[in-house]
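Just below is one structure, and these are the notes that go with it.
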Amino acid sequence: MSSTLPDSPLTTYVLNTGDGVPGARMALSLHRLDSLLVIWNLVTVGTTDEDGRCPGLITTKAFTPGMYKMRFETGQYWESLGHNSFYPYVEIVFTITNANERFHLPLLLSRFSYSTYRGS
């Protein structure tokens with residue numbers, strides 16, 4: 001059995017911009033909106049590695065067009081570093097129209113601000 005994770009069409013990276021280091025060991029979850037029931041269904045949970053990345057979020061087969069939400073547990077992350085934070089979590093909602101493309105969703109954060117963008 002291979003120890004490598006499957007290549008995910010959706011990737012993320014967390015950067016602690018306040019300290020200039022990767023956001024290591026941050027819990028996160030990926031959800032997909034059920035447009036008929038208008039509820040979020042959990043797709044997967046994970047934790048960023050020492051480089052601030054969370055590989056293997058979703059398989060190509062499971063990655064279909066629709067609305068997704070990635071939730072980052074920022075409050076727990078800052079608490080683990082001995083700090084408080086203004087944001088207990090960050091949720092980024094985004095729409096996938098072409099699941100054949102690759103998407104990169106970085107989160108740049110400090111204790112009192114955050115930003116994101118769509119990468120590839």
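Simple scheme: letters A, B, ... for chains in structure tokens order, numbers from 1 for residues in each chain, numbers from 1 for ligands in the order shown.
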
Problem set entry | Every residue of chain A that DSSP places in alpha helix (DSSP H), as a PyMOL selection string | chain A and resi 74-80

Grab the residues selected above and save them as a compact mmCIF listing (two decimals), in the first residue's frame with N, CA and C atoms.
```
# COMPACT_ATOMS: atom_id res chain seq x y z
N THR A 74 -9.52 28.81 13.61
CA THR A 74 -8.47 29.79 13.92
C THR A 74 -8.35 30.08 15.41
N GLY A 75 -9.47 30.09 16.12
CA GLY A 75 -9.41 30.36 17.56
C GLY A 75 -8.61 29.31 18.30
N GLN A 76 -8.85 28.04 17.98
CA GLN A 76 -8.09 26.95 18.60
C GLN A 76 -6.61 27.05 18.26
N TYR A 77 -6.34 27.42 17.01
CA TYR A 77 -4.94 27.56 16.57
C TYR A 77 -4.22 28.61 17.41
N TRP A 78 -4.80 29.81 17.51
CA TRP A 78 -4.14 30.87 18.28
C TRP A 78 -4.04 30.52 19.76
N GLU A 79 -5.08 29.88 20.29
CA GLU A 79 -5.04 29.46 21.69
C GLU A 79 -3.90 28.49 21.94
N SER A 80 -3.65 27.59 20.98
CA SER A 80 -2.56 26.62 21.14
C SER A 80 -1.19 27.31 21.15
```

Contact residues around A:Gly56 with only C-alpha atoms at 12 Å, ignoring same-chain residues under 3 positions, as a PDB file with all heavy atoms, in the first residue's frame:
```
ATOM      1  N   SER A   3       2.067   5.057   0.647  1.00  0.00           N
ATOM      2  CA  SER A   3       1.897   5.991   1.754  1.00  0.00           C
ATOM      3  C   SER A   3       1.552   7.393   1.260  1.00  0.00           C
ATOM      4  O   SER A   3       1.352   8.290   2.054  1.00  0.00           O
ATOM      5  CB  SER A   3       3.173   6.042   2.601  1.00  0.00           C
ATOM      6  OG  SER A   3       4.244   6.534   1.822  1.00  0.00           O
ATOM      7  N   THR A   4       1.508   7.582  -0.061  1.00  0.00           N
ATOM      8  CA  THR A   4       1.171   8.903  -0.585  1.00  0.00           C
ATOM      9  C   THR A   4      -0.331   9.067  -0.660  1.00  0.00           C
ATOM     10  O   THR A   4      -1.067   8.111  -0.888  1.00  0.00           O
ATOM     11  CB  THR A   4       1.787   9.108  -1.983  1.00  0.00           C
ATOM     12  OG1 THR A   4       1.240   8.130  -2.865  1.00  0.00           O
ATOM     13  CG2 THR A   4       3.296   9.009  -1.942  1.00  0.00           C
ATOM     14  N   LEU A   5      -0.786  10.297  -0.473  1.00  0.00           N
ATOM     15  CA  LEU A   5      -2.201  10.607  -0.549  1.00  0.00           C
ATOM     16  C   LEU A   5      -2.579  10.871  -1.990  1.00  0.00           C
ATOM     17  O   LEU A   5      -1.759  11.313  -2.786  1.00  0.00           O
ATOM     18  CB  LEU A   5      -2.511  11.836   0.313  1.00  0.00           C
ATOM     19  CG  LEU A   5      -2.322  11.647   1.807  1.00  0.00           C
ATOM     20  CD1 LEU A   5      -2.394  12.991   2.522  1.00  0.00           C
ATOM     21  CD2 LEU A   5      -3.363  10.712   2.363  1.00  0.00           C
ATOM     22  N   PRO A   6      -3.852  10.622  -2.351  1.00  0.00           N
ATOM     23  CA  PRO A   6      -4.277  10.917  -3.714  1.00  0.00           C
ATOM     24  C   PRO A   6      -4.184  12.417  -3.992  1.00  0.00           C
ATOM     25  O   PRO A   6      -4.323  13.238  -3.091  1.00  0.00           O
ATOM     26  CB  PRO A   6      -5.730  10.442  -3.742  1.00  0.00           C
ATOM     27  CG  PRO A   6      -6.154  10.328  -2.324  1.00  0.00           C
ATOM     28  CD  PRO A   6      -4.926  10.106  -1.516  1.00  0.00           C
ATOM     29  N   ASP A   7      -3.928  12.736  -5.244  1.00  0.00           N
ATOM     30  CA  ASP A   7      -3.821  14.127  -5.658  1.00  0.00           C
ATOM     31  C   ASP A   7      -5.206  14.769  -5.594  1.00  0.00           C
ATOM     32  O   ASP A   7      -6.151  14.285  -6.193  1.00  0.00           O
ATOM     33  CB  ASP A   7      -3.255  14.194  -7.074  1.00  0.00           C
ATOM     34  CG  ASP A   7      -2.775  15.570  -7.441  1.00  0.00           C
ATOM     35  OD1 ASP A   7      -2.419  16.342  -6.528  1.00  0.00           O
ATOM     36  OD2 ASP A   7      -2.740  15.870  -8.643  1.00  0.00           O
ATOM     37  N   SER A   8      -5.337  15.844  -4.854  1.00  0.00           N
ATOM     38  CA  SER A   8      -6.619  16.514  -4.669  1.00  0.00           C
ATOM     39  C   SER A   8      -6.758  17.684  -5.638  1.00  0.00           C
ATOM     40  O   SER A   8      -5.819  18.468  -5.792  1.00  0.00           O
ATOM     41  CB  SER A   8      -6.743  17.016  -3.226  1.00  0.00           C
ATOM     42  OG  SER A   8      -7.946  17.718  -3.049  1.00  0.00           O
ATOM     43  N   PRO A   9      -7.932  17.857  -6.257  1.00  0.00           N
ATOM     44  CA  PRO A   9      -8.141  19.010  -7.128  1.00  0.00           C
ATOM     45  C   PRO A   9      -8.331  20.312  -6.341  1.00  0.00           C
ATOM     46  O   PRO A   9      -8.336  21.396  -6.917  1.00  0.00           O
ATOM     47  CB  PRO A   9      -9.417  18.649  -7.889  1.00  0.00           C
ATOM     48  CG  PRO A   9     -10.137  17.704  -6.980  1.00  0.00           C
ATOM     49  CD  PRO A   9      -9.072  16.954  -6.236  1.00  0.00           C
ATOM     50  N   LEU A  10      -8.473  20.195  -5.021  1.00  0.00           N
ATOM     51  CA  LEU A  10      -8.633  21.353  -4.143  1.00  0.00           C
ATOM     52  C   LEU A  10      -7.548  21.303  -3.071  1.00  0.00           C
ATOM     53  O   LEU A  10      -7.426  20.310  -2.355  1.00  0.00           O
ATOM     54  CB  LEU A  10     -10.018  21.339  -3.489  1.00  0.00           C
ATOM     55  CG  LEU A  10     -10.303  22.428  -2.458  1.00  0.00           C
ATOM     56  CD1 LEU A  10     -10.308  23.805  -3.121  1.00  0.00           C
ATOM     57  CD2 LEU A  10     -11.644  22.161  -1.778  1.00  0.00           C
ATOM     58  N   THR A  11      -6.771  22.362  -2.983  1.00  0.00           N
ATOM     59  CA  THR A  11      -5.704  22.420  -1.985  1.00  0.00           C
ATOM     60  C   THR A  11      -5.838  23.705  -1.175  1.00  0.00           C
ATOM     61  O   THR A  11      -6.500  24.651  -1.591  1.00  0.00           O
ATOM     62  CB  THR A  11      -4.313  22.375  -2.654  1.00  0.00           C
ATOM     63  OG1 THR A  11      -4.200  23.454  -3.585  1.00  0.00           O
ATOM     64  CG2 THR A  11      -4.085  21.046  -3.366  1.00  0.00           C
ATOM     65  N   THR A  12      -5.204  23.716  -0.016  1.00  0.00           N
ATOM     66  CA  THR A  12      -5.195  24.907   0.817  1.00  0.00           C
ATOM     67  C   THR A  12      -3.827  25.066   1.460  1.00  0.00           C
ATOM     68  O   THR A  12      -3.031  24.117   1.518  1.00  0.00           O
ATOM     69  CB  THR A  12      -6.302  24.857   1.899  1.00  0.00           C
ATOM     70  OG1 THR A  12      -6.398  26.138   2.528  1.00  0.00           O
ATOM     71  CG2 THR A  12      -6.018  23.789   2.951  1.00  0.00           C
ATOM     72  N   LEU A  30     -14.138  20.626   5.350  1.00  0.00           N
ATOM     73  CA  LEU A  30     -14.666  20.967   4.042  1.00  0.00           C
ATOM     74  C   LEU A  30     -16.110  20.478   3.980  1.00  0.00           C
ATOM     75  O   LEU A  30     -16.400  19.338   4.366  1.00  0.00           O
ATOM     76  CB  LEU A  30     -13.831  20.316   2.934  1.00  0.00           C
ATOM     77  CG  LEU A  30     -14.308  20.541   1.501  1.00  0.00           C
ATOM     78  CD1 LEU A  30     -14.194  22.021   1.116  1.00  0.00           C
ATOM     79  CD2 LEU A  30     -13.514  19.667   0.538  1.00  0.00           C
ATOM     80  N   VAL A  43     -17.804  17.017   4.117  1.00  0.00           N
ATOM     81  CA  VAL A  43     -17.077  16.200   3.145  1.00  0.00           C
ATOM     82  C   VAL A  43     -15.885  15.537   3.817  1.00  0.00           C
ATOM     83  O   VAL A  43     -15.672  14.337   3.698  1.00  0.00           O
ATOM     84  CB  VAL A  43     -16.614  17.052   1.940  1.00  0.00           C
ATOM     85  CG1 VAL A  43     -15.748  16.232   0.984  1.00  0.00           C
ATOM     86  CG2 VAL A  43     -17.808  17.653   1.216  1.00  0.00           C
ATOM     87  N   THR A  44     -15.105  16.326   4.558  1.00  0.00           N
ATOM     88  CA  THR A  44     -13.915  15.791   5.216  1.00  0.00           C
ATOM     89  C   THR A  44     -13.441  16.747   6.310  1.00  0.00           C
ATOM     90  O   THR A  44     -13.818  17.917   6.323  1.00  0.00           O
ATOM     91  CB  THR A  44     -12.776  15.543   4.196  1.00  0.00           C
ATOM     92  OG1 THR A  44     -11.737  14.795   4.811  1.00  0.00           O
ATOM     93  CG2 THR A  44     -12.205  16.842   3.671  1.00  0.00           C
ATOM     94  N   VAL A  45     -12.617  16.222   7.190  1.00  0.00           N
ATOM     95  CA  VAL A  45     -11.935  17.034   8.199  1.00  0.00           C
ATOM     96  C   VAL A  45     -10.443  16.763   8.068  1.00  0.00           C
ATOM     97  O   VAL A  45     -10.036  15.716   7.565  1.00  0.00           O
ATOM     98  CB  VAL A  45     -12.409  16.721   9.648  1.00  0.00           C
ATOM     99  CG1 VAL A  45     -13.865  17.091   9.816  1.00  0.00           C
ATOM    100  CG2 VAL A  45     -12.184  15.266   9.994  1.00  0.00           C
ATOM    101  N   GLY A  46      -9.654  17.705   8.519  1.00  0.00           N
ATOM    102  CA  GLY A  46      -8.207  17.532   8.443  1.00  0.00           C
ATOM    103  C   GLY A  46      -7.498  18.512   9.351  1.00  0.00           C
ATOM    104  O   GLY A  46      -8.127  19.333  10.025  1.00  0.00           O
ATOM    105  N   THR A  47      -6.189  18.422   9.338  1.00  0.00           N
ATOM    106  CA  THR A  47      -5.326  19.311  10.106  1.00  0.00           C
ATOM    107  C   THR A  47      -4.142  19.680   9.225  1.00  0.00           C
ATOM    108  O   THR A  47      -3.583  18.807   8.554  1.00  0.00           O
ATOM    109  CB  THR A  47      -4.821  18.613  11.391  1.00  0.00           C
ATOM    110  OG1 THR A  47      -5.946  18.160  12.143  1.00  0.00           O
ATOM    111  CG2 THR A  47      -3.982  19.548  12.236  1.00  0.00           C
ATOM    112  N   THR A  48      -3.776  20.956   9.240  1.00  0.00           N
ATOM    113  CA  THR A  48      -2.630  21.351   8.431  1.00  0.00           C
ATOM    114  C   THR A  48      -1.345  20.717   8.975  1.00  0.00           C
ATOM    115  O   THR A  48      -1.207  20.519  10.177  1.00  0.00           O
ATOM    116  CB  THR A  48      -2.470  22.889   8.380  1.00  0.00           C
ATOM    117  OG1 THR A  48      -2.338  23.382   9.711  1.00  0.00           O
ATOM    118  CG2 THR A  48      -3.648  23.542   7.688  1.00  0.00           C
ATOM    119  N   ASP A  49      -0.441  20.424   8.069  1.00  0.00           N
ATOM    120  CA  ASP A  49       0.838  19.841   8.458  1.00  0.00           C
ATOM    121  C   ASP A  49       1.809  20.949   8.860  1.00  0.00           C
ATOM    122  O   ASP A  49       1.424  22.118   8.971  1.00  0.00           O
ATOM    123  CB  ASP A  49       1.403  18.960   7.332  1.00  0.00           C
ATOM    124  CG  ASP A  49       1.660  19.712   6.034  1.00  0.00           C
ATOM    125  OD1 ASP A  49       1.741  20.971   6.040  1.00  0.00           O
ATOM    126  OD2 ASP A  49       1.792  19.042   4.987  1.00  0.00           O
ATOM    127  N   ARG A  53      -0.081  23.032   5.120  1.00  0.00           N
ATOM    128  CA  ARG A  53      -0.888  22.437   4.045  1.00  0.00           C
ATOM    129  C   ARG A  53      -1.714  21.269   4.586  1.00  0.00           C
ATOM    130  O   ARG A  53      -1.356  20.667   5.584  1.00  0.00           O
ATOM    131  CB  ARG A  53       0.005  21.957   2.904  1.00  0.00           C
ATOM    132  CG  ARG A  53       0.835  23.086   2.327  1.00  0.00           C
ATOM    133  CD  ARG A  53       1.751  22.631   1.191  1.00  0.00           C
ATOM    134  NE  ARG A  53       2.651  23.692   0.794  1.00  0.00           N
ATOM    135  CZ  ARG A  53       2.324  24.737   0.046  1.00  0.00           C
ATOM    136  NH1 ARG A  53       1.094  24.847  -0.406  1.00  0.00           N
ATOM    137  NH2 ARG A  53       3.217  25.657  -0.255  1.00  0.00           N
ATOM    138  N   THR A  59     -11.243  13.829  -3.318  1.00  0.00           N
ATOM    139  CA  THR A  59     -10.823  13.107  -4.514  1.00  0.00           C
ATOM    140  C   THR A  59     -11.418  13.771  -5.757  1.00  0.00           C
ATOM    141  O   THR A  59     -12.423  14.491  -5.677  1.00  0.00           O
ATOM    142  CB  THR A  59     -11.282  11.640  -4.484  1.00  0.00           C
ATOM    143  OG1 THR A  59     -12.721  11.608  -4.506  1.00  0.00           O
ATOM    144  CG2 THR A  59     -10.750  10.916  -3.245  1.00  0.00           C
ATOM    145  N   THR A  60     -10.809  13.505  -6.882  1.00  0.00           N
ATOM    146  CA  THR A  60     -11.318  14.030  -8.152  1.00  0.00           C
ATOM    147  C   THR A  60     -12.741  13.538  -8.392  1.00  0.00           C
ATOM    148  O   THR A  60     -13.593  14.302  -8.852  1.00  0.00           O
ATOM    149  CB  THR A  60     -10.379  13.605  -9.303  1.00  0.00           C
ATOM    150  OG1 THR A  60      -9.063  14.105  -9.022  1.00  0.00           O
ATOM    151  CG2 THR A  60     -10.848  14.139 -10.632  1.00  0.00           C
ATOM    152  N   ALA A  62     -15.060  12.767  -6.188  1.00  0.00           N
ATOM    153  CA  ALA A  62     -16.022  13.397  -5.276  1.00  0.00           C
ATOM    154  C   ALA A  62     -16.158  14.899  -5.517  1.00  0.00           C
ATOM    155  O   ALA A  62     -17.116  15.516  -5.039  1.00  0.00           O
ATOM    156  CB  ALA A  62     -15.596  13.149  -3.828  1.00  0.00           C
ATOM    157  N   PHE A  63     -15.236  15.481  -6.260  1.00  0.00           N
ATOM    158  CA  PHE A  63     -15.218  16.929  -6.489  1.00  0.00           C
ATOM    159  C   PHE A  63     -16.133  17.259  -7.661  1.00  0.00           C
ATOM    160  O   PHE A  63     -15.765  17.110  -8.818  1.00  0.00           O
ATOM    161  CB  PHE A  63     -13.784  17.381  -6.762  1.00  0.00           C
ATOM    162  CG  PHE A  63     -13.574  18.863  -6.702  1.00  0.00           C
ATOM    163  CD1 PHE A  63     -13.928  19.589  -5.583  1.00  0.00           C
ATOM    164  CD2 PHE A  63     -12.997  19.533  -7.764  1.00  0.00           C
ATOM    165  CE1 PHE A  63     -13.714  20.960  -5.518  1.00  0.00           C
ATOM    166  CE2 PHE A  63     -12.769  20.898  -7.718  1.00  0.00           C
ATOM    167  CZ  PHE A  63     -13.138  21.614  -6.585  1.00  0.00           C
TER     168      PHE A  63
END
```

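Proximity of A:Leu28, A:Ala99, A:Val21, A:Val90 to A:Tyr114, computed with only C-alpha atoms, is greatest for A:Val90.
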
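Using only C-alpha atoms for every distance, the candidate list A:Ile92, A:Val14, A:Leu109, A:Leu33 yields A:Val14 as the residue closest to A:Glu50.
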
Problem set entry | Selection near A:Thr97, 12 Å with only C-alpha atoms, sequence-local residues under 5 positions removed, as number ranges by chain | A: 63-68, 102-103

Exercise. With only C-alpha atoms as the basis for distance, which of A:Arg25, A:Leu57, A:Glu101, A:Phe94 is at the shortest distance from A:Tyr117?
Worked result: A:Phe94

Exercise. Quick one, how far is atom CA of A:Pro106 from atom CA of A:Asp34?
Worked result: 24.1 Å

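Restricting the calculation to only C-alpha atoms, the smallest distance between A:Glu73 and any of A:Thr95, A:Asn41, A:Ser115, A:Ser29 is found for A:Ser29.
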
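Between A:Lys61 and the residues A:Tyr87, A:Val38, A:Asn100, A:Met26, the shortest atom-to-atom distance, using only C-alpha atoms, involves A:Asn100.
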